[in-house]
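Data first, discussion second: the structure below is written as structure tokens.
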Number of protein chains: 2
Amino acid sequence: MNLIEIPARRGKAARLRQGQSVRIINTTGQQVVDTWAFRADDIAELMSMEHSRVAIGRIIPAIGDTLVTNRRNPILTLTADTSGGIHDTLFAACDRWRYERLGCVGYHDNCTDNLAAALAELGLVPPETPAPLNLFMNIPVIGGNRVQICPPVSTPGSYVSLIAECDCVVAFSACPQDVVPVNGLALLPTEAHFEVLD
Amino acid sequence: MNLIEIPARRGKAARLRQGQSVRIINTTGQQVVDTWAFRADDIAELMSMEHSRVAIGRIIPAIGDTLVTNRRNPILTLTADTSGGIHDTLFAACDRWRYERLGCVGYHDNCTDNLAAALAELGLVPPETPAPLNLFMNIPVIGGNRVQICPPVSTPGSYVSLIAECDCVVAFSACPQDVVPVNGLALLPTEAHFEVLD
């Protein structure tokens, strides 16, 4: 087992070969992990939530669902989920402008910058900030339309496993949201972990 | 009145000054119109469905809701809607790969290429294909999760009005989907119209 830390409020990326899996662990139980994937042979082909919803016929992926790229090719399949099955595909990654609008003064860590920093460690530049797969994030759709920010339902040590359908780069951000209860009512962003499995 | 046609299966773009409105008319009643907006002073800043859902707190914009860019700035506000209020922000624009996966052989018109062609008429290149505001498209969310393709509920001549919150370029595609009932049970894509109002 080779556990890699996604430090609190920070990002981390890794390369996956086709057939390898990544297990993303909600170490403390209430930490949302924004997740992205890009094809290794063409970083402009990337995991797309708006294309994946068409492919899987639902908003939240379930075990067996294959997420697809902006060219409709399979990229990651959900193979295990002990977290309660609540994730989000509706909300953008947080960014400096989100925190400005929430009233924060000065720089605030954010998932958009974390994606860029995580890919930079691999010598890559994201072509855009795709809408992320927000693992463990709890955004219920009420009455078929209204969306609400709720604390995660996941528990400490629970995890999600994703298998790579092609050689790809995956990136994660331990979301630094501490103004609204994305990461639980304590508003306390923490670290999370992942491991790559052959 | 200066009615501009969005030809069946094609795209069309226009420039809006801040404070101008565009009225998009569902001429035949069952035609979905994919809609995008880009800031005139920086085309990389574009209307984003994933940022707009956070801003408006729902999936489908209602009268008074302001759609925002990928930098969270206001770009278009919905000011009128006689169509029944059913639109979509969940599904990607159709593209060549969508039709390949639906079994179409050879080239099929698609909203992604229509966006590029519409902007090209103004000498512009889209930096990406953002998830569109799919006007009149009926994708109910069932049980808070499952999404389904249903025919539009709009009627002939019904319309949506959007006011520009900044100088911007708007682009429309009369969706050429004729395999699944996005554009009604007749599977017959038609023209639509728009007009710019001072």
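So you can find residues: chains in the structure tokens are A, B, ... in the order shown, residues in each start at 1, and ligands are numbered from 1 in order.
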
(request) Determine which residues of chain B sit within 10 Å of chain A, taking into account only C-alpha atoms, and present them as a PyMOL selection string. (result) chain B and resi 44+48-61+70-73+89-98+100-101+127-132+139-149

Go ahead and save the residues from that selection, with C-alpha atoms, as a compact mmCIF listing (two decimals), in the first residue's frame.
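part15.txt, written as the output of this step:
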# COMPACT_ATOMS: atom_id res chain seq x y z
CA ALA B 44 -11.99 33.26 -22.63
CA SER B 48 -20.71 28.80 -17.39
CA MET B 49 -23.54 26.50 -16.35
CA GLU B 50 -21.54 25.01 -13.46
CA HIS B 51 -20.82 28.47 -12.06
CA SER B 52 -24.36 29.69 -12.75
CA ARG B 53 -25.97 26.81 -10.81
CA VAL B 54 -23.96 27.86 -7.74
CA ALA B 55 -25.00 31.50 -8.26
CA ILE B 56 -28.73 30.92 -8.77
CA GLY B 57 -29.18 27.92 -6.45
CA ARG B 58 -31.05 25.86 -9.02
CA ILE B 59 -30.55 23.87 -12.20
CA ILE B 60 -33.01 25.75 -14.41
CA PRO B 61 -32.81 29.56 -14.48
CA ASN B 70 -16.34 31.16 -15.36
CA ARG B 71 -15.05 34.13 -13.33
CA ARG B 72 -18.42 34.52 -11.54
CA ASN B 73 -19.27 37.82 -13.26
CA THR B 89 -28.18 23.21 -18.00
CA LEU B 90 -27.07 19.59 -17.43
CA PHE B 91 -26.32 18.21 -20.90
CA ALA B 92 -23.35 18.93 -23.14
CA ALA B 93 -23.87 20.30 -26.63
CA CYS B 94 -24.21 17.50 -29.15
CA ASP B 95 -21.11 16.78 -31.21
CA ARG B 96 -19.88 14.38 -33.88
CA TRP B 97 -19.03 11.82 -31.20
CA ARG B 98 -22.58 11.93 -29.79
CA GLU B 100 -21.38 8.31 -33.77
CA ARG B 101 -22.40 6.71 -30.47
CA PRO B 127 -11.71 28.78 -26.59
CA GLU B 128 -13.65 25.58 -25.76
CA THR B 129 -17.23 24.34 -26.14
CA PRO B 130 -18.80 25.40 -22.85
CA ALA B 131 -21.79 23.51 -21.52
CA PRO B 132 -24.67 25.44 -23.14
CA ILE B 139 -34.43 17.08 -19.08
CA PRO B 140 -36.36 16.33 -15.88
CA VAL B 141 -34.39 15.26 -12.80
CA ILE B 142 -36.25 12.30 -11.33
CA GLY B 143 -35.79 11.32 -7.69
CA GLY B 144 -33.07 13.94 -7.32
CA ASN B 145 -30.69 12.05 -9.58
CA ARG B 146 -31.91 10.35 -12.76
CA VAL B 147 -32.10 12.47 -15.93
CA GLN B 148 -34.34 11.73 -18.87
CA ILE B 149 -34.71 13.19 -22.37

(message) DSSP on the backbone: which residues in range 44-102 of chain B end up as helix (DSSP H, G or I)? Give the answer as a list in words.
(response) Met49, Glu50, His51, Ser52, Arg53, Val54, Ala55, Ile56, Arg96, Trp97, Arg98, Tyr99, Glu100 and Arg101 of chain B

(request) Write out as an MDAnalysis selection string each polymer residue whose atoms come within 12 Å of Tyr99 in chain A, counting only C-alpha atoms; drop sequence neighbours fewer than 6 positions from it. (result) (chainID A and resid 93 105:112 176:180) or (chainID B and resid 71:72)

(request) Using DSSP on the backbone, list every residue of range 2-193 of chain B that comes out as strand (DSSP E), and give them as number ranges by chain. (result) B: 4-6, 11-16, 21-26, 33-39, 42-46, 66-68, 74-81, 133-135, 141-142, 146-147, 158-164, 168-174, 192-193

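With CA of Glu191 in chain A on one side and CA of Asn26 in chain A on the other, the separation reads 8.4 Å.
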
(request) Using CA of Pro181 in chain B and CA of Gly64 in chain B as the two end points, give the distance in Å to one decimal. (result)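 According to the coordinates, CA of Pro181 in chain B and CA of Gly64 in chain B are separated by 29.1 Å.
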
(request) Extract, using only C-alpha atoms, all DNA, RNA and protein residues at most 10 Å from Thr27 in chain B, discarding same-chain residues fewer than 6 positions from it, and format them as a list in words. (result)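 Returned residues: Glu5, Ser154, Thr155, Pro156, Gly157, Ser158, Tyr159, Thr190, Glu191, Ala192, His193 and Phe194 of chain B.
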
(request) Compare A:Val125, A:Cys168, A:Leu187, A:Ala174 by their minimum atom-to-atom distance to Ala40 in chain A, counting only C-alpha atoms, and give me the closest one. (result)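 Among A:Val125, A:Cys168, A:Leu187, A:Ala174, it is A:Cys168 that comes nearest to Ala40 in chain A.
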
(request) Rounded to one decimal place, report the CA of Ala37 in chain A-CA of Leu133 in chain A distance in Å. (result) 9.2 Å

(message) Restricting the calculation to only C-alpha atoms: of B:Val153, B:Leu67, B:Leu76, B:Ile86, which residue gets closest to Thr28 in chain B?
(response) B:Val153
